Structures are given as structure tokens and as C-alpha cells.
$ cat my_file_35.txt   # compact mmCIF, C-alpha atoms and all ligand atoms
# COMPACT_ATOMS: atom_id res chain seq x y z
CA MET M 1 37.77 30.44 29.93
CA THR M 2 38.01 33.58 27.80
CA THR M 3 35.03 35.86 28.13
CA ASP M 4 36.13 39.04 26.35
CA THR M 5 35.65 39.61 22.64
CA GLU M 6 39.03 41.30 22.14
CA LYS M 7 41.75 39.37 20.36
CA THR M 8 44.10 37.62 22.80
CA PRO M 9 47.02 39.97 23.62
CA GLY M 10 50.20 39.20 21.68
CA TRP M 11 48.31 37.22 19.05
CA LEU M 12 49.54 38.01 15.54
CA ASP M 13 47.12 38.53 12.68
CA TRP M 14 47.55 36.38 9.60
CA TYR M 15 49.84 37.73 6.94
CA ALA M 16 47.99 39.85 4.39
CA GLY M 17 49.53 39.97 0.93
CA PRO M 18 51.57 36.75 0.92
CA GLY M 19 54.11 36.31 -1.87
CA ARG M 20 53.67 33.89 -4.70
CA PRO M 21 55.51 30.65 -4.01
CA ARG M 22 58.46 29.84 -6.25
CA PHE M 23 57.54 26.18 -5.93
CA GLU M 24 54.74 25.44 -8.35
CA LEU M 25 52.20 23.21 -6.67
CA PRO M 26 51.14 20.16 -8.69
CA ALA M 27 47.73 20.39 -10.35
CA GLY M 28 44.99 19.46 -7.92
CA ALA M 29 47.02 20.16 -4.76
CA VAL M 30 45.10 20.11 -1.46
CA ASP M 31 45.77 22.41 1.48
CA ALA M 32 44.92 19.68 4.00
CA HIS M 33 45.16 21.72 7.21
CA CYS M 34 43.64 25.18 7.53
CA HIS M 35 40.96 26.88 9.58
CA VAL M 36 38.24 29.51 9.43
CA PHE M 37 37.71 31.85 12.39
CA GLY M 38 34.28 33.47 12.54
CA PRO M 39 33.80 36.14 11.38
CA ALA M 40 32.79 36.59 15.01
CA ALA M 41 29.80 38.76 14.13
CA GLY M 42 28.14 35.81 12.37
CA PHE M 43 29.84 32.86 14.03
CA PRO M 44 30.67 33.76 17.65
CA PHE M 45 33.61 32.03 19.28
CA ALA M 46 32.92 29.38 21.93
CA PRO M 47 32.56 30.54 25.54
CA GLU M 48 35.02 27.87 26.71
CA ARG M 49 37.75 28.92 24.25
CA ARG M 50 41.29 29.49 25.45
CA TYR M 51 42.10 32.26 22.97
CA THR M 52 40.25 34.81 20.89
CA PRO M 53 41.56 34.97 17.33
CA CYS M 54 41.16 37.61 14.68
CA ASP M 55 38.55 36.91 12.03
CA ALA M 56 39.65 34.70 9.15
CA SER M 57 36.70 34.14 6.86
CA ARG M 58 35.95 31.43 4.35
CA ASP M 59 36.25 33.92 1.47
CA GLN M 60 39.70 34.97 2.68
CA LEU M 61 40.67 31.30 2.87
CA PHE M 62 39.42 30.63 -0.66
CA ALA M 63 41.30 33.71 -1.95
CA LEU M 64 44.49 32.36 -0.38
CA ARG M 65 43.84 28.93 -1.93
CA ASP M 66 43.66 30.51 -5.39
CA HIS M 67 46.63 32.81 -4.82
CA LEU M 68 48.93 30.00 -3.70
CA GLY M 69 47.75 27.59 -6.41
CA PHE M 70 45.87 25.04 -4.35
CA ALA M 71 42.76 23.40 -5.79
CA ARG M 72 41.09 22.31 -2.56
CA ASN M 73 41.04 22.79 1.22
CA VAL M 74 40.52 20.61 4.25
CA VAL M 75 39.17 22.91 6.94
CA VAL M 76 39.84 21.76 10.49
CA GLN M 77 37.62 22.90 13.34
CA ALA M 78 39.74 25.00 15.70
CA THR M 79 39.29 24.93 19.45
CA CYS M 80 38.17 28.57 19.56
CA HIS M 81 34.87 27.42 18.00
CA GLY M 82 34.47 24.51 20.44
CA ALA M 83 31.94 21.96 19.16
CA ASP M 84 29.92 24.58 17.26
CA ASN M 85 30.78 23.64 13.70
CA SER M 86 28.62 26.29 12.01
CA ALA M 87 31.47 28.41 10.60
CA LEU M 88 33.10 25.23 9.29
CA VAL M 89 29.87 23.98 7.72
CA ASP M 90 29.21 27.39 6.19
CA ALA M 91 32.66 27.31 4.56
CA LEU M 92 32.18 23.77 3.27
CA ARG M 93 28.79 24.58 1.78
CA ALA M 94 30.13 27.73 0.11
CA SER M 95 33.11 25.92 -1.39
CA GLY M 96 31.23 24.22 -4.21
CA GLY M 97 32.68 20.87 -3.23
CA LEU M 98 36.25 22.17 -3.07
CA ALA M 99 36.51 21.87 0.71
CA ARG M 100 36.10 19.01 3.13
CA GLY M 101 36.02 19.36 6.90
CA VAL M 102 37.16 17.91 10.20
CA ALA M 103 34.68 18.73 12.97
CA THR M 104 34.54 18.63 16.74
CA VAL M 105 31.65 16.66 18.18
CA ARG M 106 30.68 15.63 21.70
CA PRO M 107 29.45 12.15 22.69
CA GLY M 108 25.81 13.34 22.72
CA VAL M 109 25.85 14.17 19.01
CA THR M 110 22.77 12.80 17.24
CA ASP M 111 22.76 10.75 14.06
CA ALA M 112 20.84 13.53 12.35
CA GLU M 113 23.67 15.95 13.23
CA LEU M 114 26.30 13.53 11.98
CA ARG M 115 24.41 13.03 8.73
CA GLU M 116 24.11 16.79 8.26
CA LEU M 117 27.85 17.23 8.84
CA HIS M 118 28.59 14.44 6.39
CA GLU M 119 26.36 16.00 3.74
CA ALA M 120 28.18 19.31 4.21
CA GLY M 121 31.53 17.60 3.58
CA VAL M 122 32.83 16.62 7.03
CA ARG M 123 34.96 13.48 6.89
CA GLY M 124 36.56 13.37 10.33
CA VAL M 125 36.59 14.61 13.91
CA ARG M 126 39.48 16.08 15.83
CA PHE M 127 40.65 15.10 19.31
CA THR M 128 42.89 17.71 20.92
CA PHE M 129 45.23 16.64 23.70
CA VAL M 130 47.09 19.95 23.93
CA GLU M 131 46.25 21.35 27.34
CA ARG M 132 46.79 25.01 26.47
CA LEU M 133 44.01 24.65 23.85
CA ALA M 134 41.31 22.62 25.56
CA ASP M 135 40.55 20.45 28.57
CA ALA M 136 41.24 16.80 27.86
CA ALA M 137 38.04 14.89 27.21
CA PRO M 138 37.50 11.64 29.14
CA ARG M 139 39.04 8.82 27.11
CA GLN M 140 35.82 6.80 27.10
CA ASP M 141 34.03 9.80 25.54
CA LEU M 142 36.59 9.85 22.75
CA LEU M 143 36.21 6.14 22.10
CA ASP M 144 32.43 6.56 22.10
CA VAL M 145 32.70 9.35 19.51
CA ALA M 146 35.01 7.21 17.40
CA GLU M 147 32.47 4.37 17.44
CA ARG M 148 29.70 6.78 16.43
CA ILE M 149 31.56 8.15 13.42
CA ALA M 150 32.84 4.80 12.16
CA PRO M 151 29.71 4.02 10.09
CA TYR M 152 30.26 7.24 8.12
CA GLY M 153 33.74 6.19 7.02
CA TRP M 154 35.28 9.12 8.90
CA HIS M 155 38.68 9.26 10.57
CA VAL M 156 40.00 10.87 13.77
CA VAL M 157 42.55 13.67 13.65
CA VAL M 158 44.68 13.78 16.80
CA TYR M 159 46.66 16.76 18.02
CA PHE M 160 49.19 16.02 20.77
CA GLU M 161 52.70 17.03 21.77
CA ALA M 162 55.74 14.74 21.76
CA ALA M 163 55.96 14.68 25.57
CA ASP M 164 52.48 13.14 25.75
CA LEU M 165 52.99 10.37 23.22
CA ALA M 166 53.92 7.65 25.73
CA ASP M 167 50.81 8.34 27.77
CA LEU M 168 48.53 8.43 24.72
CA HIS M 169 50.12 5.53 22.85
CA ASP M 170 47.67 2.77 23.87
CA LEU M 171 44.63 4.99 23.43
CA LEU M 172 45.77 5.97 19.94
CA LEU M 173 46.26 2.36 18.96
CA SER M 174 42.79 1.49 20.25
CA ILE M 175 40.83 4.09 18.26
CA PRO M 176 38.72 2.00 15.88
CA VAL M 177 38.94 4.22 12.77
CA PRO M 178 41.88 5.56 10.74
CA LEU M 179 43.97 8.27 12.41
CA VAL M 180 45.62 11.42 11.14
CA VAL M 181 48.30 12.94 13.38
CA ASP M 182 48.68 16.71 13.32
CA HIS M 183 52.07 18.35 12.90
CA MET M 184 54.17 15.16 13.29
CA GLY M 185 53.16 14.90 16.94
CA ARG M 186 54.99 18.18 17.59
CA PRO M 187 58.60 16.96 17.90
CA ASP M 188 61.23 18.95 19.74
CA VAL M 189 63.35 19.82 16.69
CA THR M 190 66.38 20.67 18.81
CA LYS M 191 66.70 16.92 19.35
CA ASP M 192 68.15 14.34 16.97
CA PRO M 193 65.68 13.37 14.23
CA HIS M 194 67.20 9.87 14.50
CA GLY M 195 67.03 9.87 18.32
CA PRO M 196 64.66 7.87 20.55
CA ASP M 197 61.91 10.49 20.82
CA PHE M 198 61.23 10.83 17.13
CA GLU M 199 61.84 7.11 16.65
CA ALA M 200 59.01 6.49 19.13
CA PHE M 201 56.77 8.65 16.98
CA LEU M 202 57.77 6.77 13.84
CA ASP M 203 57.09 3.51 15.70
CA LEU M 204 53.52 4.68 16.24
CA LEU M 205 53.14 5.11 12.48
CA ARG M 206 54.77 1.71 11.91
CA ALA M 207 52.31 0.08 14.33
CA ARG M 208 49.22 0.88 12.27
CA PRO M 209 49.14 1.15 8.48
CA ASP M 210 46.02 3.34 8.69
CA ILE M 211 47.73 6.24 10.48
CA LEU M 212 48.53 9.27 8.35
CA CYS M 213 50.77 12.13 9.39
CA LYS M 214 50.58 15.83 8.59
CA VAL M 215 54.14 17.00 7.98
CA THR M 216 52.94 20.50 8.75
CA CYS M 217 53.59 23.55 10.87
CA PRO M 218 57.31 24.19 10.45
CA GLU M 219 56.55 27.73 11.60
CA ARG M 220 55.32 26.36 14.93
CA LEU M 221 58.01 23.73 15.42
CA SER M 222 61.06 25.62 14.21
CA VAL M 223 63.62 27.11 16.54
CA SER M 224 65.83 28.38 13.70
CA GLY M 225 62.83 30.26 12.35
CA PRO M 226 61.86 31.85 9.06
CA PRO M 227 64.20 32.52 6.13
CA ALA M 228 67.78 33.32 7.03
CA LEU M 229 69.00 36.89 6.86
CA ASP M 230 71.02 35.95 3.79
CA GLY M 231 67.70 36.16 2.01
CA GLN M 232 67.65 32.56 0.82
CA ARG M 233 64.20 31.12 0.56
CA HIS M 234 64.88 28.14 2.80
CA PRO M 235 62.73 28.63 5.86
CA TYR M 236 62.60 26.46 8.94
CA ARG M 237 65.71 24.41 8.15
CA ASP M 238 65.65 22.60 11.50
CA VAL M 239 62.24 21.03 10.79
CA VAL M 240 63.30 19.62 7.41
CA PRO M 241 65.07 16.42 8.60
CA PHE M 242 62.07 15.43 10.72
CA ALA M 243 59.50 15.99 8.00
CA ARG M 244 61.70 14.41 5.36
CA ARG M 245 62.12 11.24 7.39
CA VAL M 246 58.36 10.84 7.58
CA VAL M 247 57.80 11.63 3.90
CA GLU M 248 60.48 9.19 2.77
CA GLU M 249 59.40 6.30 5.00
CA PHE M 250 55.65 6.83 4.56
CA PRO M 251 55.19 8.49 1.16
CA ASP M 252 51.61 7.24 0.87
CA ARG M 253 50.58 8.36 4.34
CA VAL M 254 51.57 12.03 4.54
CA LEU M 255 49.52 15.21 4.15
CA TRP M 256 50.49 18.86 3.98
CA GLY M 257 48.67 22.11 4.69
CA THR M 258 49.35 25.74 5.45
CA ASP M 259 47.68 25.93 8.89
CA TRP M 260 46.34 29.33 7.80
CA PRO M 261 45.48 31.57 9.68
CA HIS M 262 48.12 30.22 12.06
CA PRO M 263 46.48 30.47 15.51
CA ASN M 264 48.49 31.35 18.59
CA LEU M 265 51.67 32.58 16.95
CA THR M 266 53.26 35.44 18.82
CA ASP M 267 56.86 35.58 17.54
CA HIS M 268 56.43 35.72 13.81
CA MET M 269 53.67 35.19 11.31
CA PRO M 270 54.67 33.28 8.19
CA ASP M 271 54.19 34.47 4.65
CA ASP M 272 52.15 31.56 3.27
CA GLY M 273 53.95 31.83 -0.07
CA LEU M 274 57.22 31.05 1.72
CA LEU M 275 55.59 28.19 3.57
CA VAL M 276 54.72 26.55 0.27
CA ASP M 277 58.39 26.83 -0.67
CA PHE M 278 59.12 24.56 2.30
CA VAL M 279 57.47 21.62 0.49
CA PRO M 280 60.24 20.68 -2.00
CA HIS M 281 62.74 20.53 0.89
CA ILE M 282 60.73 17.80 2.61
CA ALA M 283 59.40 16.09 -0.53
CA PRO M 284 62.23 16.50 -3.02
CA THR M 285 60.91 14.61 -6.03
CA PRO M 286 57.83 15.27 -8.19
CA GLU M 287 56.51 11.84 -7.27
CA LEU M 288 56.76 12.49 -3.53
CA GLN M 289 55.21 15.92 -4.03
CA ARG M 290 52.27 14.49 -5.94
CA LYS M 291 51.61 11.88 -3.25
CA LEU M 292 51.87 14.44 -0.44
CA LEU M 293 49.80 17.16 -2.02
CA VAL M 294 47.36 15.36 -4.33
CA ASP M 295 47.09 11.56 -4.13
CA ASN M 296 47.03 11.09 -0.36
CA PRO M 297 44.57 13.87 0.54
CA MET M 298 42.35 13.00 -2.43
CA ARG M 299 42.22 9.34 -1.33
CA LEU M 300 41.18 10.37 2.18
CA TYR M 301 38.82 13.27 1.48
CA TRP M 302 37.58 12.92 -2.13
CA PRO M 303 37.81 9.15 -2.79
CA ASP M 304 35.11 9.35 -5.46
CA ALA M 305 36.64 12.18 -7.49
CA ASP M 306 37.79 11.39 -11.03
C1 LIG E 1 46.76 24.41 14.69
C2 LIG E 1 47.47 24.60 15.96
C3 LIG E 1 47.02 25.24 17.07
C4 LIG E 1 45.67 25.55 17.40
C5 LIG E 1 44.60 24.84 17.08
O1 LIG E 1 42.40 24.23 17.24
C6 LIG E 1 43.24 25.05 17.58
O2 LIG E 1 43.00 25.99 18.33
O3 LIG E 1 44.69 23.81 16.26
C7 LIG E 1 48.03 25.60 18.09
O4 LIG E 1 47.81 26.55 18.83
O5 LIG E 1 49.07 24.91 18.17
O6 LIG E 1 46.81 23.33 14.10
O7 LIG E 1 46.11 25.34 14.23
$ encode --input "my_file_35.txt" --output "C-alpha cells" --more "lines below"
Ligand code: 0GY
Amino acid sequence: MTTDTEKTPGWLDWYAGPGRPRFELPAGAVDAHCHVFGPAAGFPFAPERRYTPCDASRDQLFALRDHLGFARNVVVQATCHGADNSALVDALRASGGLARGVATVRPGVTDAELRELHEAGVRGVRFTFVERLADAAPRQDLLDVAERIAPYGWHVVVYFEAADLADLHDLLLSIPVPLVVDHMGRPDVTKDPHGPDFEAFLDLLRARPDILCKVTCPERLSVSGPPALDGQRHPYRDVVPFARRVVEEFPDRVLWGTDWPHPNLTDHMPDDGLLVDFVPHIAPTPELQRKLLVDNPMRLYWPDAD
């Protein structure tokens, strides 16, 4: 448990003054994975959190959305706010319908609370299986939550690491609502993208047609890192073959987002403009780009939009 209010040592602040992407996002593009943190003065971080971030407000998120050329956001509750979704709900309400949310709820959540979250724009809950971020919840609790949200048409977002896939496989297949997997199940990108580990991940997607995959977070997964010293705008080359495999096999089931404000990065903080330039490397045609950035997230989060 973190009890201090100081930012976790080594934690990098988000990148102020990002460049403009060279890649022009298609009209109506959705940043389908981002967060708000606090501001702590109004929305204190959860006592059980594992890290203390810097503030990253809804207005700063909306300014980034406009700067990069996105039309909409999907704001995902981060573990530093625990199951207190008030900063998330505040952002959704202030967005004028341009943001949807993924919340964290506990099994004791009431129907009135679920209805209020739905009215604010929440369309899913997140289950985190990454031990450095949160204690694993009992599996029956997760299944109970999934049953509770099913009547609202919500989905479950799951965040796990590749090493845990075998253990989680049966649980994931048993969750009774659609799933969205964060960050491609965090593959080890030093391995072969056609090798057994990533094939096992693709098999999970093949096993259920209602699983979507965020081909996100190259900055977290990459070992080769940000743009090469030759100055070419081709960041995170080692992540490309993994993401591209998913996009090409499941073009109607992929989502993309910035992950702003990039929690828990200590080595480098990406320029979000450069991150957007990663997209055409993993989705090389306009049709794939439109599915990834517009059609798929709109179908999941704004199914009634014109
Ligand atoms: C992400 C990744 C991370 C953190 C969280 O909820 C969170 O605290 O999601 C991480 O540290 O890998 O998606 O933002």
C-alpha cells in the first residue's frame, strides 16, 4: 500500500507539448485507451494503490485529443483510483458525449450505482491480473461482477501478462460477456511473433469471436525503444510484427489508444504525436486504419451513433 501523497520515485510525468503526428487520423478516430489521474486535490488516489501518479486531468486529456486529431476517448479506470470511479465519471460527464468509460467495480456494487455509471457513459469494467498493480481478486468475485454487468450490455477489459495466459485461459473463456484484452496480453517482443507464446495468445482470440484486442502500448512492450537515432519516425519497431499479425488476422476486433498519461514508465516517456505515427506501421491500409480507429471502437462504445 502507498500512503504518501508524493509521486512514486522514478515515475516520469507525461510529455507536455507533444508533436503533431505526420499520420493523419481518419475522421472520427477514437483514442480507445487512456486515463485520467485526479487531480488529486479533487479526486484523491485510492489508499490501496501501488503507485502515486502525477495529476493528469480530464481537460488535459481533451486538449490532447484535439491536438492529435482524435474525435473521442475511452477512459479506462486506472488502479491508482481503485474502485472509486469519480474522476472517471467526472471526465465522462464533462465530455459532452465524446468519452465513454471502463470502470472498476467490486461485487457489492448496487444496481443504482451501475445505472449511474451507465448513464455517465461507462460501458465496461476492467479486471487487472498484473500483480505489480493490484492484488488479484478472487475468481468467483470476477464472475459475479461479470454476471451483474451483463444486463447493461457491458464488456470486461482484461489486463494480464503473457506469462499468466495459461493460468487465466479457462477463466477468460468462461466470462459471460464480451472481452477486450489490453496491450495484446503483453507479449515478450524479444520472442518470435510466430512462435508458440504469441500463437497461444492468438488462439485465445480464435476461441471466441467476441474477444477484441487493443494493439496498444508499444512504448511499454518495446525493447528497441523510441525512434532510432537516425531520426526516422519509426518508433518501437520490435512491436510492429506482433501488432500487425493481430490487425491482419482480426481487422474487425482491434482497438487502438494512446495510453496517455502512460503510468509507470521510468525509462522514457513517449511523445504522443510519435505514438500516433506508429499506427500506419501496424495497420498499413486506409481500410484497416478505419476499422481500427473508427468502426471497431464506435461499434463497441457508441453503437447508436450515426
Ligand atoms: C496501462 C498500464 C499500466 C497501468 C494501469 O491501471 C493501471 O494502473 O493500467 C501499467 O502499469 O502497465 O494500461 O495504463
$ residues_around --input "my_file_35.txt" --residues "Val102 of chain M" --least-positions-apart "2" --cutoff "7 Å" --atoms "only C-alpha atoms" --output "list of chain:residue names"
M:Val75, M:Val76, M:Gln77, M:Val122, M:Arg123, M:Gly124, M:Val125, M:Arg126
$ atom_distance --input "my_file_35.txt" --atom1 "atom CA of Tyr301 of chain M" --atom2 "atom CA of Leu171 of chain M"
24.2 Å
$ closest_atom_pairs --input "my_file_35.txt" --of "chain M" --to "ligand LIG 1 (chain E)" --cutoff "8 Å" --atoms "all atoms listed in the file" --output "CSV"
residue,atom,partner,partner_atom,distance
M:His33,CA,E:LIG1,O6,7.3
M:Cys34,CA,E:LIG1,O7,7.1
M:His35,CA,E:LIG1,O7,7.1
M:Tyr51,CA,E:LIG1,O2,7.9
M:Val76,CA,E:LIG1,O1,7.6
M:Gln77,CA,E:LIG1,O1,6.3
M:Ala78,CA,E:LIG1,O1,3.2
M:Thr79,CA,E:LIG1,O1,3.9
M:Cys80,CA,E:LIG1,O2,5.6
M:Thr128,CA,E:LIG1,O1,7.5
M:Val130,CA,E:LIG1,O5,7.9
M:Arg132,CA,E:LIG1,O4,7.9
M:Leu133,CA,E:LIG1,O2,5.8
M:Tyr159,CA,E:LIG1,O3,7.5
M:Asp182,CA,E:LIG1,O6,6.9
M:His183,CA,E:LIG1,O6,7.3
M:Cys217,CA,E:LIG1,O6,7.5
M:Arg220,CA,E:LIG1,O5,7.2
M:Asp259,CA,E:LIG1,O7,5.6
M:Trp260,CA,E:LIG1,O7,7.6
M:Pro261,CA,E:LIG1,O7,7.7
M:His262,CA,E:LIG1,O7,5.7
M:Pro263,CA,E:LIG1,O7,5.3
M:Asn264,CA,E:LIG1,O4,4.9
M:Leu265,CA,E:LIG1,O4,7.4
$ axis_aligned_box --input "my_file_35.txt" --around "segment 46-60 of chain M" --padding-each-side "3 Å" --output "JSON"
{"center_x": 37.3, "center_y": 32.7, "center_z": 14.1, "size_x": 15.5, "size_y": 15.7, "size_z": 31.2}
$ residues_around --input "my_file_35.txt" --residues "Asp144 of chain M" --least-positions-apart "3" --cutoff "10 Å" --atoms "all atoms listed in the file" --output "list in words"
Arg106, Pro107, Gly108, Arg139, Gln140, Asp141, Glu147, Arg148, Ile149, Ile175 and Pro176 of chain M
$ atom_distance --input "my_file_35.txt" --atom1 "atom CA of Pro39 of chain M" --atom2 "atom CA of Leu274 of chain M"
25.8 Å
$ atom_distance --input "my_file_35.txt" --atom1 "atom CA of Leu202 of chain M" --atom2 "atom CA of Ala150 of chain M"
25.1 Å
$ residues_around --input "my_file_35.txt" --residues "segment 19-23 of chain M" --least-positions-apart "5" --cutoff "12 Å" --atoms "all atoms listed in the file" --output "list in words"
Leu64, Arg65, Asp66, His67, Leu68, Gly69, Phe70, Gln232, Arg233, His234, Pro270, Asp271, Asp272, Gly273, Leu274, Leu275, Val276, Asp277, Phe278, Val279, Pro280, His281, Ala283, Pro284, Pro286 and Gln289 of chain M
$ decode --input "my_file_35.txt" --residues "segment 12-37 of chain M" --atoms "N, CA and C atoms" --output "PDB file, in the first residue's frame"
ATOM      1  N   LEU M  12       7.898   8.953 -14.459  1.00  0.00           N
ATOM      2  CA  LEU M  12       8.033  10.088 -15.379  1.00  0.00           C
ATOM      3  C   LEU M  12       6.683  10.761 -15.600  1.00  0.00           C
ATOM      4  N   ASP M  13       6.715  12.084 -15.640  1.00  0.00           N
ATOM      5  CA  ASP M  13       5.498  12.838 -15.983  1.00  0.00           C
ATOM      6  C   ASP M  13       5.177  12.648 -17.455  1.00  0.00           C
ATOM      7  N   TRP M  14       3.928  12.811 -17.797  1.00  0.00           N
ATOM      8  CA  TRP M  14       3.537  12.746 -19.211  1.00  0.00           C
ATOM      9  C   TRP M  14       4.192  13.889 -19.966  1.00  0.00           C
ATOM     10  N   TYR M  15       4.295  13.686 -21.264  1.00  0.00           N
ATOM     11  CA  TYR M  15       5.085  14.541 -22.143  1.00  0.00           C
ATOM     12  C   TYR M  15       4.266  15.776 -22.513  1.00  0.00           C
ATOM     13  N   ALA M  16       4.696  16.926 -22.017  1.00  0.00           N
ATOM     14  CA  ALA M  16       3.982  18.164 -22.343  1.00  0.00           C
ATOM     15  C   ALA M  16       4.472  18.646 -23.706  1.00  0.00           C
ATOM     16  N   GLY M  17       3.605  19.163 -24.504  1.00  0.00           N
ATOM     17  CA  GLY M  17       3.999  19.687 -25.814  1.00  0.00           C
ATOM     18  C   GLY M  17       4.308  18.628 -26.841  1.00  0.00           C
ATOM     19  N   PRO M  18       3.461  17.595 -26.970  1.00  0.00           N
ATOM     20  CA  PRO M  18       3.722  16.566 -27.991  1.00  0.00           C
ATOM     21  C   PRO M  18       3.673  17.154 -29.396  1.00  0.00           C
ATOM     22  N   GLY M  19       4.419  16.521 -30.315  1.00  0.00           N
ATOM     23  CA  GLY M  19       4.408  16.970 -31.701  1.00  0.00           C
ATOM     24  C   GLY M  19       3.079  16.631 -32.368  1.00  0.00           C
ATOM     25  N   ARG M  20       2.908  17.202 -33.539  1.00  0.00           N
ATOM     26  CA  ARG M  20       1.729  16.813 -34.325  1.00  0.00           C
ATOM     27  C   ARG M  20       2.088  15.564 -35.113  1.00  0.00           C
ATOM     28  N   PRO M  21       1.229  14.560 -35.100  1.00  0.00           N
ATOM     29  CA  PRO M  21       1.543  13.353 -35.865  1.00  0.00           C
ATOM     30  C   PRO M  21       1.659  13.653 -37.353  1.00  0.00           C
ATOM     31  N   ARG M  22       2.516  12.926 -38.038  1.00  0.00           N
ATOM     32  CA  ARG M  22       2.525  13.033 -39.509  1.00  0.00           C
ATOM     33  C   ARG M  22       1.369  12.241 -40.095  1.00  0.00           C
ATOM     34  N   PHE M  23       1.037  11.147 -39.400  1.00  0.00           N
ATOM     35  CA  PHE M  23      -0.101  10.333 -39.852  1.00  0.00           C
ATOM     36  C   PHE M  23      -1.387  11.073 -39.504  1.00  0.00           C
ATOM     37  N   GLU M  24      -2.203  11.296 -40.523  1.00  0.00           N
ATOM     38  CA  GLU M  24      -3.469  11.983 -40.279  1.00  0.00           C
ATOM     39  C   GLU M  24      -4.520  10.959 -39.903  1.00  0.00           C
ATOM     40  N   LEU M  25      -5.025  11.087 -38.690  1.00  0.00           N
ATOM     41  CA  LEU M  25      -6.040  10.136 -38.220  1.00  0.00           C
ATOM     42  C   LEU M  25      -7.303  10.259 -39.062  1.00  0.00           C
ATOM     43  N   PRO M  26      -7.986   9.138 -39.328  1.00  0.00           N
ATOM     44  CA  PRO M  26      -9.251   9.238 -40.066  1.00  0.00           C
ATOM     45  C   PRO M  26     -10.281  10.022 -39.256  1.00  0.00           C
ATOM     46  N   ALA M  27     -11.211  10.643 -39.963  1.00  0.00           N
ATOM     47  CA  ALA M  27     -12.265  11.408 -39.275  1.00  0.00           C
ATOM     48  C   ALA M  27     -13.006  10.491 -38.312  1.00  0.00           C
ATOM     49  N   GLY M  28     -13.231  10.982 -37.111  1.00  0.00           N
ATOM     50  CA  GLY M  28     -13.985  10.207 -36.130  1.00  0.00           C
ATOM     51  C   GLY M  28     -13.152   9.209 -35.348  1.00  0.00           C
ATOM     52  N   ALA M  29     -11.829   9.332 -35.391  1.00  0.00           N
ATOM     53  CA  ALA M  29     -10.966   8.358 -34.702  1.00  0.00           C
ATOM     54  C   ALA M  29     -11.171   8.414 -33.178  1.00  0.00           C
ATOM     55  N   VAL M  30     -11.080   7.236 -32.563  1.00  0.00           N
ATOM     56  CA  VAL M  30     -11.281   7.100 -31.117  1.00  0.00           C
ATOM     57  C   VAL M  30      -9.968   6.700 -30.451  1.00  0.00           C
ATOM     58  N   ASP M  31      -9.558   7.451 -29.449  1.00  0.00           N
ATOM     59  CA  ASP M  31      -8.452   7.036 -28.579  1.00  0.00           C
ATOM     60  C   ASP M  31      -9.075   6.094 -27.547  1.00  0.00           C
ATOM     61  N   ALA M  32      -8.950   4.797 -27.777  1.00  0.00           N
ATOM     62  CA  ALA M  32      -9.735   3.801 -27.022  1.00  0.00           C
ATOM     63  C   ALA M  32      -9.020   3.266 -25.785  1.00  0.00           C
ATOM     64  N   HIS M  33      -7.922   3.906 -25.386  1.00  0.00           N
ATOM     65  CA  HIS M  33      -7.295   3.524 -24.112  1.00  0.00           C
ATOM     66  C   HIS M  33      -6.505   4.712 -23.572  1.00  0.00           C
ATOM     67  N   CYS M  34      -7.073   5.378 -22.592  1.00  0.00           N
ATOM     68  CA  CYS M  34      -6.387   6.491 -21.929  1.00  0.00           C
ATOM     69  C   CYS M  34      -6.975   6.604 -20.517  1.00  0.00           C
ATOM     70  N   HIS M  35      -6.332   7.418 -19.712  1.00  0.00           N
ATOM     71  CA  HIS M  35      -6.734   7.514 -18.306  1.00  0.00           C
ATOM     72  C   HIS M  35      -6.833   8.972 -17.875  1.00  0.00           C
ATOM     73  N   VAL M  36      -7.505   9.211 -16.764  1.00  0.00           N
ATOM     74  CA  VAL M  36      -7.355  10.477 -16.040  1.00  0.00           C
ATOM     75  C   VAL M  36      -6.834  10.132 -14.644  1.00  0.00           C
ATOM     76  N   PHE M  37      -5.948  10.977 -14.148  1.00  0.00           N
ATOM     77  CA  PHE M  37      -5.411  10.816 -12.786  1.00  0.00           C
ATOM     78  C   PHE M  37      -5.762  12.076 -12.003  1.00  0.00           C
TER      79      PHE M  37
END
